[in-house]
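Visitor: Have a peek at run_10.txt (compact mmCIF, C-alpha atoms).
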```txt
# COMPACT_ATOMS: atom_id res chain seq x y z
CA MET Z 1 48.05 -74.25 -35.18
CA ALA Z 2 50.30 -75.40 -32.35
CA SER Z 3 53.20 -73.20 -31.32
CA GLU Z 4 56.71 -74.56 -31.16
CA VAL Z 5 58.66 -74.42 -27.92
CA ALA Z 6 61.66 -72.12 -28.34
CA THR Z 7 65.05 -73.17 -27.06
CA VAL Z 8 67.86 -71.03 -28.32
CA GLU Z 9 71.42 -70.55 -27.20
CA VAL Z 10 73.00 -67.64 -29.01
CA PRO Z 11 76.53 -66.37 -28.46
CA PHE Z 12 76.79 -62.67 -27.67
CA GLU Z 13 78.77 -62.13 -30.87
CA ALA Z 14 75.80 -63.37 -32.89
CA LEU Z 15 73.52 -60.91 -31.11
CA VAL Z 16 75.92 -58.07 -31.89
CA LYS Z 17 76.06 -59.12 -35.54
CA GLU Z 18 72.26 -59.19 -35.85
CA LEU Z 19 71.26 -56.33 -33.55
CA GLY Z 20 74.30 -54.09 -33.29
CA ALA Z 21 76.31 -53.63 -30.11
CA LYS Z 22 73.99 -51.13 -28.42
CA ARG Z 23 70.80 -53.13 -29.03
CA ALA Z 24 72.51 -56.40 -28.05
CA ILE Z 25 73.45 -54.91 -24.68
CA GLU Z 26 69.91 -53.55 -24.26
CA PHE Z 27 68.54 -56.99 -25.12
CA ILE Z 28 70.71 -58.71 -22.50
CA SER Z 29 69.68 -56.08 -19.93
CA GLU Z 30 66.00 -56.66 -20.72
CA ILE Z 31 66.41 -60.41 -20.34
CA ARG Z 32 68.17 -59.99 -17.01
CA GLU Z 33 65.47 -57.58 -15.84
CA CYS Z 34 62.73 -60.07 -16.69
CA TYR Z 35 64.38 -63.40 -15.86
CA GLY Z 36 67.36 -62.77 -13.60
CA ASP Z 37 71.09 -63.01 -14.17
CA SER Z 38 71.59 -66.76 -13.91
CA VAL Z 39 71.64 -68.92 -17.03
CA VAL Z 40 69.95 -71.65 -15.00
CA GLU Z 41 67.18 -69.26 -13.93
CA LEU Z 42 66.78 -68.08 -17.51
CA LYS Z 43 66.58 -71.62 -18.88
CA LYS Z 44 64.00 -72.62 -16.25
CA ALA Z 45 61.95 -69.48 -16.85
CA THR Z 46 62.00 -69.78 -20.63
CA GLU Z 47 62.12 -73.50 -21.35
CA THR Z 48 58.39 -73.72 -21.98
CA LEU Z 49 57.91 -70.42 -23.79
CA THR Z 50 56.47 -70.59 -27.27
CA ILE Z 51 57.51 -68.42 -30.19
CA ASP Z 52 54.17 -66.61 -29.88
CA GLN Z 53 54.82 -65.84 -26.21
CA ILE Z 54 58.32 -64.55 -26.96
CA GLU Z 55 57.01 -62.30 -29.72
CA ALA Z 56 54.27 -60.96 -27.44
CA GLU Z 57 56.82 -60.23 -24.70
CA ASN Z 58 59.05 -58.47 -27.25
CA LYS Z 59 56.17 -56.21 -28.30
CA LYS Z 60 55.37 -55.43 -24.68
CA LEU Z 61 59.00 -54.50 -23.93
CA LYS Z 62 59.23 -52.30 -27.02
CA LYS Z 63 56.10 -50.39 -25.94
CA LYS Z 64 57.59 -49.99 -22.47
CA GLN Z 65 60.84 -48.63 -23.93
CA LYS Z 66 58.99 -46.15 -26.15
CA ALA Z 67 57.03 -44.92 -23.15
CA LYS Z 68 60.27 -44.44 -21.18
CA ARG Z 69 61.78 -42.39 -24.01
CA LYS Z 70 58.69 -40.18 -24.30
CA THR Z 71 58.51 -39.50 -20.55
CA PRO Z 72 61.10 -36.87 -19.54
CA ASN Z 73 62.98 -37.48 -16.30
CA LYS Z 74 61.76 -35.16 -13.56
CA SER Z 75 64.26 -34.21 -10.91
CA ASN Z 76 63.16 -32.51 -7.71
```
Just give me the structure as structure tokens.

Guide:
Amino acid sequence: MASEVATVEVPFEALVKELGAKRAIEFISEIRECYGDSVVELKKATETLTIDQIEAENKKLKKKQKAKRKTPNKSN
């Protein structure tokens, strides 16, 4: 089965509606962390991603977030 190439432009308001304000902000932060702040950079970096690749990246980021929450901050 061939994967479709994902091209999506979603207004921030739609993200808030679907994810809630806190998660929408986290999502934008994750995207910026991975792909940079520029829309042009983001489009270039993601224009050939498949749905499968996006889902795999999502799973990886969720695991990373869980690990961060489980690891207490150590201050010296």

Visitor: Could you give me, as JSON, numbers by chain, the residues within 12 Å of Glu26 of chain Z, counting only C-alpha atoms and dropping anything in the same chain fewer than 3 positions from it?

Guide: {"Z": [12, 15, 16, 19, 20, 21, 22, 23, 29, 30, 31, 32, 33, 61, 62, 65]}

Visitor: Could you check how far atom CA of Glu57 of chain Z sits from atom CA of Lys17 of chain Z, in Å to one decimal?

Guide: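 That distance, rounded to one decimal, is 22.1 Å.
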
Visitor: Compile the contact shell of Asn58 of chain Z as a compact mmCIF listing (two decimals) with C-alpha atoms, in the frame of the given file: residues with an atom at most 12 Å away, counting all atoms listed in the file, same-chain residues fewer than 5 positions apart removed.

Guide:
```
# COMPACT_ATOMS: atom_id res chain seq x y z
CA PHE Z 27 68.54 -56.99 -25.12
CA GLU Z 30 66.00 -56.66 -20.72
CA ILE Z 31 66.41 -60.41 -20.34
CA CYS Z 34 62.73 -60.07 -16.69
CA ILE Z 51 57.51 -68.42 -30.19
CA ASP Z 52 54.17 -66.61 -29.88
CA GLN Z 53 54.82 -65.84 -26.21
CA LYS Z 63 56.10 -50.39 -25.94
CA LYS Z 64 57.59 -49.99 -22.47
CA GLN Z 65 60.84 -48.63 -23.93
```

Visitor: Report the distance between atom CA of Pro11 of chain Z and atom CA of Lys66 of chain Z in Å, rounded to one decimal place.

Guide: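 These two atoms are separated by 26.9 Å.
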
Visitor: Quick one, how far is atom CA of Glu13 of chain Z from atom CA of Ile28 of chain Z?

Guide: 12.1 Å

Visitor: N, CA and C atoms for segment 44-71 of chain Z, written as a PDB file, in the coordinates of the input, could you do that?

Guide:
```pdb
ATOM      1  N   LYS Z  44      65.212 -72.139 -16.923  1.00  0.00           N
ATOM      2  CA  LYS Z  44      64.000 -72.620 -16.250  1.00  0.00           C
ATOM      3  C   LYS Z  44      62.804 -71.732 -16.585  1.00  0.00           C
ATOM      4  N   ALA Z  45      63.038 -70.418 -16.609  1.00  0.00           N
ATOM      5  CA  ALA Z  45      61.950 -69.480 -16.850  1.00  0.00           C
ATOM      6  C   ALA Z  45      61.465 -69.502 -18.289  1.00  0.00           C
ATOM      7  N   THR Z  46      62.348 -69.873 -19.217  1.00  0.00           N
ATOM      8  CA  THR Z  46      62.000 -69.780 -20.630  1.00  0.00           C
ATOM      9  C   THR Z  46      61.854 -71.115 -21.343  1.00  0.00           C
ATOM     10  N   GLU Z  47      62.104 -72.210 -20.660  1.00  0.00           N
ATOM     11  CA  GLU Z  47      62.120 -73.500 -21.350  1.00  0.00           C
ATOM     12  C   GLU Z  47      60.781 -73.904 -21.943  1.00  0.00           C
ATOM     13  N   THR Z  48      59.694 -73.360 -21.441  1.00  0.00           N
ATOM     14  CA  THR Z  48      58.390 -73.720 -21.980  1.00  0.00           C
ATOM     15  C   THR Z  48      57.740 -72.609 -22.791  1.00  0.00           C
ATOM     16  N   LEU Z  49      58.468 -71.511 -23.011  1.00  0.00           N
ATOM     17  CA  LEU Z  49      57.910 -70.420 -23.790  1.00  0.00           C
ATOM     18  C   LEU Z  49      57.747 -70.828 -25.251  1.00  0.00           C
ATOM     19  N   THR Z  50      56.676 -70.371 -25.841  1.00  0.00           N
ATOM     20  CA  THR Z  50      56.470 -70.590 -27.270  1.00  0.00           C
ATOM     21  C   THR Z  50      56.966 -69.381 -28.044  1.00  0.00           C
ATOM     22  N   ILE Z  51      57.124 -69.535 -29.330  1.00  0.00           N
ATOM     23  CA  ILE Z  51      57.510 -68.420 -30.190  1.00  0.00           C
ATOM     24  C   ILE Z  51      56.496 -67.287 -30.058  1.00  0.00           C
ATOM     25  N   ASP Z  52      55.218 -67.624 -30.024  1.00  0.00           N
ATOM     26  CA  ASP Z  52      54.170 -66.610 -29.880  1.00  0.00           C
ATOM     27  C   ASP Z  52      54.322 -65.830 -28.582  1.00  0.00           C
ATOM     28  N   GLN Z  53      54.636 -66.514 -27.497  1.00  0.00           N
ATOM     29  CA  GLN Z  53      54.820 -65.840 -26.210  1.00  0.00           C
ATOM     30  C   GLN Z  53      56.036 -64.919 -26.233  1.00  0.00           C
ATOM     31  N   ILE Z  54      57.108 -65.366 -26.861  1.00  0.00           N
ATOM     32  CA  ILE Z  54      58.320 -64.550 -26.960  1.00  0.00           C
ATOM     33  C   ILE Z  54      58.036 -63.295 -27.777  1.00  0.00           C
ATOM     34  N   GLU Z  55      57.338 -63.451 -28.894  1.00  0.00           N
ATOM     35  CA  GLU Z  55      57.010 -62.300 -29.720  1.00  0.00           C
ATOM     36  C   GLU Z  55      56.106 -61.321 -28.970  1.00  0.00           C
ATOM     37  N   ALA Z  56      55.147 -61.822 -28.219  1.00  0.00           N
ATOM     38  CA  ALA Z  56      54.270 -60.960 -27.440  1.00  0.00           C
ATOM     39  C   ALA Z  56      55.061 -60.201 -26.372  1.00  0.00           C
ATOM     40  N   GLU Z  57      55.979 -60.876 -25.722  1.00  0.00           N
ATOM     41  CA  GLU Z  57      56.820 -60.230 -24.700  1.00  0.00           C
ATOM     42  C   GLU Z  57      57.702 -59.165 -25.345  1.00  0.00           C
ATOM     43  N   ASN Z  58      58.236 -59.447 -26.522  1.00  0.00           N
ATOM     44  CA  ASN Z  58      59.050 -58.470 -27.250  1.00  0.00           C
ATOM     45  C   ASN Z  58      58.250 -57.202 -27.528  1.00  0.00           C
ATOM     46  N   LYS Z  59      57.019 -57.359 -28.010  1.00  0.00           N
ATOM     47  CA  LYS Z  59      56.170 -56.210 -28.300  1.00  0.00           C
ATOM     48  C   LYS Z  59      55.902 -55.402 -27.045  1.00  0.00           C
ATOM     49  N   LYS Z  60      55.642 -56.101 -25.949  1.00  0.00           N
ATOM     50  CA  LYS Z  60      55.370 -55.430 -24.680  1.00  0.00           C
ATOM     51  C   LYS Z  60      56.593 -54.619 -24.224  1.00  0.00           C
ATOM     52  N   LEU Z  61      57.784 -55.196 -24.334  1.00  0.00           N
ATOM     53  CA  LEU Z  61      59.000 -54.500 -23.930  1.00  0.00           C
ATOM     54  C   LEU Z  61      59.286 -53.299 -24.816  1.00  0.00           C
ATOM     55  N   LYS Z  62      59.019 -53.424 -26.107  1.00  0.00           N
ATOM     56  CA  LYS Z  62      59.230 -52.300 -27.020  1.00  0.00           C
ATOM     57  C   LYS Z  62      58.308 -51.140 -26.672  1.00  0.00           C
ATOM     58  N   LYS Z  63      57.043 -51.436 -26.349  1.00  0.00           N
ATOM     59  CA  LYS Z  63      56.100 -50.390 -25.940  1.00  0.00           C
ATOM     60  C   LYS Z  63      56.588 -49.716 -24.663  1.00  0.00           C
ATOM     61  N   LYS Z  64      57.084 -50.521 -23.732  1.00  0.00           N
ATOM     62  CA  LYS Z  64      57.590 -49.990 -22.470  1.00  0.00           C
ATOM     63  C   LYS Z  64      58.780 -49.067 -22.711  1.00  0.00           C
ATOM     64  N   GLN Z  65      59.676 -49.457 -23.608  1.00  0.00           N
ATOM     65  CA  GLN Z  65      60.840 -48.630 -23.930  1.00  0.00           C
ATOM     66  C   GLN Z  65      60.427 -47.318 -24.584  1.00  0.00           C
ATOM     67  N   LYS Z  66      59.460 -47.373 -25.500  1.00  0.00           N
ATOM     68  CA  LYS Z  66      58.990 -46.150 -26.150  1.00  0.00           C
ATOM     69  C   LYS Z  66      58.384 -45.199 -25.124  1.00  0.00           C
ATOM     70  N   ALA Z  67      57.642 -45.746 -24.192  1.00  0.00           N
ATOM     71  CA  ALA Z  67      57.030 -44.920 -23.150  1.00  0.00           C
ATOM     72  C   ALA Z  67      58.106 -44.263 -22.285  1.00  0.00           C
ATOM     73  N   LYS Z  68      59.167 -44.997 -21.976  1.00  0.00           N
ATOM     74  CA  LYS Z  68      60.270 -44.440 -21.180  1.00  0.00           C
ATOM     75  C   LYS Z  68      60.923 -43.281 -21.922  1.00  0.00           C
ATOM     76  N   ARG Z  69      61.131 -43.436 -23.216  1.00  0.00           N
ATOM     77  CA  ARG Z  69      61.780 -42.390 -24.010  1.00  0.00           C
ATOM     78  C   ARG Z  69      60.917 -41.153 -24.136  1.00  0.00           C
ATOM     79  N   LYS Z  70      59.596 -41.321 -24.172  1.00  0.00           N
ATOM     80  CA  LYS Z  70      58.690 -40.180 -24.300  1.00  0.00           C
ATOM     81  C   LYS Z  70      58.509 -39.441 -22.996  1.00  0.00           C
ATOM     82  N   THR Z  71      58.704 -40.110 -21.867  1.00  0.00           N
ATOM     83  CA  THR Z  71      58.510 -39.500 -20.550  1.00  0.00           C
ATOM     84  C   THR Z  71      59.825 -38.862 -20.106  1.00  0.00           C
TER      85      THR Z  71
END
```
